Amino acid sequence: MPTSPFTPAAAKWFGTHHGVATAAELQRCHVGRKALARLMRLGVVVRFARGVYVLTSAEPTLEHRCRMLSCLYPSGFVTGPAAAVLAKLRRQPRTFLVDICLPHGVHIDPMPGVRFRQSTKIRRDDRRRRDDGITVASAPRLAFDLAATTRRSTTSRSWSRCVIAAW
């Protein structure tokens with residue numbers, strides 16, 4: 001009986017990180033290049049982009065999309081209404097693009113369903129990494145970004161919730 005190249009550590013990682021992993025993360029889970037190639041041949045994993053792999057059985061949720069973008073652009077972070085939904089802020093639009101903020105100088109190829117924002121000022125405390133591997137805007141940065149993109153009544157409610165969450 002052949003052994004599976006899918007280690008228990010990799011299974012746990014994919015389960016807690018929305019079915020997305022980078023090559024480095026898989027290496028830490030003891031899935032090497034040969035095992036990864038075998039998983040791709042079997043149709044268990046597909047390559048989303050260079051160094052980013054996705055389970056074929058993963059649900060295409062908001063969290064899944066944000067995790068893929070966090071892996072693809074490690075210097076950026078999810079912001080705007082998508083980050084507000086992840087933070088469980090109320091009165092956010094149900095259909096929206098995923099906004100990702102990146103520093104200037106990062107090469108960006110257009111992607112459907114993603115709105116890229118470039119910023120000259122991204123401080124270390126403007127972003128935080130969640131336990132599931134998604135990098136999101138900090139509460140103050142999220143309030144700032146929402147103020148630029150949403151209606152005034154929604155912004156004031158979201159801003160106050162962001163401030164409460166930050167404390």
# chains A, B, ... in the order shown; residues from 1 in each chain; ligands from 1
>>> select_by_dssp(residues="region 5-60 of chain A", states="helix (DSSP H, G or I)", output="ChimeraX atom specification")
/A:8-16,23-28,33-42
>>> write_last_selection(atoms="N, CA and C atoms", output="compact mmCIF listing (two decimals), in the first residue's frame")
# COMPACT_ATOMS: atom_id res chain seq x y z
N PRO A 8 0.37 14.56 8.22
CA PRO A 8 -0.62 15.09 9.17
C PRO A 8 -0.43 16.59 9.44
N ALA A 9 0.83 17.02 9.48
CA ALA A 9 1.09 18.44 9.72
C ALA A 9 0.57 19.29 8.55
N ALA A 10 0.75 18.80 7.32
CA ALA A 10 0.25 19.53 6.15
C ALA A 10 -1.28 19.55 6.14
N ALA A 11 -1.89 18.44 6.50
CA ALA A 11 -3.35 18.38 6.56
C ALA A 11 -3.89 19.38 7.57
N LYS A 12 -3.24 19.45 8.72
CA LYS A 12 -3.67 20.41 9.74
C LYS A 12 -3.46 21.84 9.24
N TRP A 13 -2.32 22.10 8.60
CA TRP A 13 -2.02 23.45 8.08
C TRP A 13 -3.08 23.89 7.07
N PHE A 14 -3.37 23.02 6.09
CA PHE A 14 -4.38 23.37 5.10
C PHE A 14 -5.74 23.59 5.75
N GLY A 15 -6.06 22.80 6.78
CA GLY A 15 -7.34 22.95 7.47
C GLY A 15 -7.48 24.26 8.22
N THR A 16 -6.39 24.74 8.79
CA THR A 16 -6.46 25.98 9.58
C THR A 16 -6.13 27.22 8.77
N ALA A 23 5.08 27.33 -0.58
CA ALA A 23 6.07 26.26 -0.68
C ALA A 23 6.89 26.17 0.61
N ALA A 24 7.24 27.31 1.20
CA ALA A 24 8.01 27.32 2.44
C ALA A 24 7.21 26.72 3.59
N GLU A 25 5.92 27.01 3.65
CA GLU A 25 5.07 26.45 4.70
C GLU A 25 4.95 24.94 4.55
N LEU A 26 4.83 24.48 3.31
CA LEU A 26 4.76 23.03 3.07
C LEU A 26 6.07 22.35 3.43
N GLN A 27 7.19 23.03 3.19
CA GLN A 27 8.49 22.47 3.59
C GLN A 27 8.53 22.28 5.11
N ARG A 28 8.03 23.27 5.85
CA ARG A 28 7.99 23.15 7.31
C ARG A 28 7.07 22.02 7.78
N ARG A 33 9.53 18.78 -2.48
CA ARG A 33 9.19 19.01 -3.89
C ARG A 33 8.60 17.77 -4.55
N LYS A 34 9.18 16.61 -4.30
CA LYS A 34 8.67 15.38 -4.91
C LYS A 34 7.27 15.05 -4.42
N ALA A 35 7.05 15.20 -3.12
CA ALA A 35 5.72 14.94 -2.57
C ALA A 35 4.71 15.94 -3.10
N LEU A 36 5.12 17.19 -3.24
CA LEU A 36 4.23 18.21 -3.78
C LEU A 36 3.89 17.92 -5.24
N ALA A 37 4.88 17.50 -6.02
CA ALA A 37 4.64 17.14 -7.42
C ALA A 37 3.65 15.97 -7.50
N ARG A 38 3.79 15.02 -6.60
CA ARG A 38 2.87 13.88 -6.57
C ARG A 38 1.45 14.34 -6.22
N LEU A 39 1.33 15.22 -5.24
CA LEU A 39 0.01 15.75 -4.88
C LEU A 39 -0.63 16.48 -6.05
N MET A 40 0.16 17.21 -6.82
CA MET A 40 -0.38 17.91 -8.00
C MET A 40 -0.79 16.91 -9.08
N ARG A 41 0.01 15.85 -9.29
CA ARG A 41 -0.34 14.81 -10.28
C ARG A 41 -1.64 14.12 -9.90
N LEU A 42 -1.85 13.89 -8.60
CA LEU A 42 -3.06 13.23 -8.12
C LEU A 42 -4.28 14.17 -8.14
>>> select_by_dssp(residues="region 11-106 of chain A", states="strand (DSSP E)", output="list of chain:residue names")
A:Val20, A:Ala21, A:Thr22, A:Val45, A:Val46, A:Arg47, A:Phe48, A:Ala49, A:Val52, A:Tyr53, A:Val54, A:Leu55, A:Phe77, A:Val78, A:Thr79, A:Val98, A:Asp99, A:Ile100, A:Cys101, A:Leu102, A:Pro103
>>> closest_residue(among="A:Thr149, A:Cys71, A:His18, A:Thr135", to="Glu59 (chain A)", atoms="only C-alpha atoms")
A:His18
>>> closest_atom_pairs(of="region 2-30 of chain A", to="region 44-50 of chain A", cutoff="10 Å", atoms="only C-alpha atoms", output="Markdown table")
| residue | atom | partner | partner_atom | distance |
| --- | --- | --- | --- | --- |
| A:Phe6 | CA | A:Val44 | CA | 9.4 |
| A:Gly19 | CA | A:Val45 | CA | 9.2 |
| A:Val20 | CA | A:Phe48 | CA | 9.1 |
| A:Ala21 | CA | A:Arg47 | CA | 9.9 |
| A:Thr22 | CA | A:Arg50 | CA | 8.8 |
| A:Ala23 | CA | A:Arg50 | CA | 8.7 |
>>> closest_residue(among="A:His30, A:Lys121, A:Arg91, A:His17", to="His104 (chain A)", atoms="only C-alpha atoms")
A:Lys121
>>> closest_residue(among="A:Gly76, A:Gly43, A:Pro93, A:Pro60", to="Gln118 (chain A)", atoms="only C-alpha atoms")
A:Gly76
>>> closest_residue(among="A:Gly32, A:Pro81, A:Pro140, A:Gly133", to="His64 (chain A)", atoms="only C-alpha atoms")
A:Gly133
>>> residues_around(residues="Val78 (chain A)", least_positions_apart="3", cutoff="12 Å", atoms="only C-alpha atoms", output="PyMOL selection string")
chain A and resi 62-63+65-75+81-87+97-102+114-118+126-130+133-139+141-142+145-146
>>> write_last_selection(atoms="C-alpha atoms", output="short mmCIF file (atom, residue, chain, number, x, y, z; two decimals), in the first residue's frame")
data_model
loop_
_atom_site.label_atom_id
_atom_site.label_comp_id
_atom_site.auth_asym_id
_atom_site.auth_seq_id
_atom_site.Cartn_x
_atom_site.Cartn_y
_atom_site.Cartn_z
CA LEU A 62 -13.79 35.33 1.26
CA GLU A 63 -11.23 34.00 3.74
CA ARG A 65 -9.41 34.49 -1.42
CA CYS A 66 -7.80 36.74 1.21
CA ARG A 67 -5.40 33.98 2.27
CA MET A 68 -4.33 33.43 -1.37
CA LEU A 69 -3.67 37.17 -1.75
CA SER A 70 -1.77 37.28 1.56
CA CYS A 71 0.48 34.48 0.30
CA LEU A 72 0.90 36.03 -3.13
CA TYR A 73 1.68 39.53 -1.81
CA PRO A 74 3.38 39.10 1.60
CA SER A 75 4.28 42.81 1.78
CA PRO A 81 -14.89 46.26 3.12
CA ALA A 82 -13.33 42.78 2.87
CA ALA A 83 -11.18 43.40 5.98
CA ALA A 84 -14.22 44.90 7.70
CA VAL A 85 -16.21 41.71 7.05
CA LEU A 86 -13.29 39.62 8.35
CA ALA A 87 -13.30 41.81 11.49
CA LEU A 97 -13.91 43.43 -4.39
CA VAL A 98 -11.09 42.40 -2.11
CA ASP A 99 -8.97 45.50 -1.52
CA ILE A 100 -5.28 44.85 -0.97
CA CYS A 101 -2.84 47.60 -0.05
CA LEU A 102 0.74 47.24 -1.29
CA VAL A 114 -9.26 42.37 -6.58
CA ARG A 115 -8.70 46.11 -6.25
CA PHE A 116 -5.06 47.01 -5.66
CA ARG A 117 -4.10 50.13 -3.73
CA GLN A 118 -0.54 51.32 -3.48
CA ASP A 126 -0.65 49.33 9.94
CA ARG A 127 -1.06 45.58 9.52
CA ARG A 128 -1.50 42.45 11.56
CA ARG A 129 -1.32 38.77 10.76
CA ARG A 130 -4.23 36.66 11.90
CA GLY A 133 -2.35 33.47 7.92
CA ILE A 134 -4.39 36.34 6.48
CA THR A 135 -2.67 39.72 6.77
CA VAL A 136 -5.24 42.46 7.43
CA ALA A 137 -5.21 46.16 8.18
CA SER A 138 -4.93 47.13 11.84
CA ALA A 139 -8.04 48.70 13.37
CA ARG A 141 -5.64 51.74 9.40
CA LEU A 142 -8.89 49.96 8.53
CA ASP A 145 -9.21 53.10 4.59
CA LEU A 146 -12.96 52.66 5.11
#
>>> atom_distance(atom1="CA of Ile122 (chain A)", atom2="CA of Pro103 (chain A)")
6.7 Å
>>> closest_residue(among="A:Phe96, A:Gly80, A:Ser57, A:Asp109", to="Ala143 (chain A)", atoms="only C-alpha atoms")
A:Gly80
>>> atom_distance(atom1="CA of Ile108 (chain A)", atom2="CA of Val54 (chain A)")
20.6 Å
>>> atom_distance(atom1="CA of Arg90 (chain A)", atom2="CA of Phe77 (chain A)")
20.5 Å
>>> decode(residues="region 19-48 of chain A", atoms="C-alpha atoms", output="PDB file, in the first residue's frame")
ATOM      1  CA  GLY A  19      -6.757  25.363   2.022  1.00  0.00           C
ATOM      2  CA  VAL A  20      -3.807  27.562   0.984  1.00  0.00           C
ATOM      3  CA  ALA A  21      -0.084  27.136   1.667  1.00  0.00           C
ATOM      4  CA  THR A  22       3.181  28.493   0.366  1.00  0.00           C
ATOM      5  CA  ALA A  23       6.074  26.262  -0.679  1.00  0.00           C
ATOM      6  CA  ALA A  24       8.010  27.322   2.441  1.00  0.00           C
ATOM      7  CA  GLU A  25       5.069  26.454   4.703  1.00  0.00           C
ATOM      8  CA  LEU A  26       4.763  23.035   3.067  1.00  0.00           C
ATOM      9  CA  GLN A  27       8.491  22.467   3.591  1.00  0.00           C
ATOM     10  CA  ARG A  28       7.990  23.153   7.308  1.00  0.00           C
ATOM     11  CA  CYS A  29       5.179  20.555   7.236  1.00  0.00           C
ATOM     12  CA  HIS A  30       7.621  18.021   5.743  1.00  0.00           C
ATOM     13  CA  VAL A  31       6.130  18.083   2.227  1.00  0.00           C
ATOM     14  CA  GLY A  32       9.071  18.290  -0.168  1.00  0.00           C
ATOM     15  CA  ARG A  33       9.186  19.010  -3.890  1.00  0.00           C
ATOM     16  CA  LYS A  34       8.669  15.377  -4.913  1.00  0.00           C
ATOM     17  CA  ALA A  35       5.721  14.935  -2.568  1.00  0.00           C
ATOM     18  CA  LEU A  36       4.230  18.213  -3.781  1.00  0.00           C
ATOM     19  CA  ALA A  37       4.636  17.137  -7.420  1.00  0.00           C
ATOM     20  CA  ARG A  38       2.867  13.881  -6.572  1.00  0.00           C
ATOM     21  CA  LEU A  39       0.011  15.753  -4.875  1.00  0.00           C
ATOM     22  CA  MET A  40      -0.375  17.909  -7.995  1.00  0.00           C
ATOM     23  CA  ARG A  41      -0.339  14.810 -10.278  1.00  0.00           C
ATOM     24  CA  LEU A  42      -3.062  13.234  -8.118  1.00  0.00           C
ATOM     25  CA  GLY A  43      -5.150  16.429  -8.376  1.00  0.00           C
ATOM     26  CA  VAL A  44      -5.158  17.087  -4.631  1.00  0.00           C
ATOM     27  CA  VAL A  45      -3.278  20.398  -4.876  1.00  0.00           C
ATOM     28  CA  VAL A  46      -3.012  22.969  -7.678  1.00  0.00           C
ATOM     29  CA  ARG A  47      -0.509  25.752  -8.133  1.00  0.00           C
ATOM     30  CA  PHE A  48      -2.217  29.139  -7.827  1.00  0.00           C
TER      31      PHE A  48
END
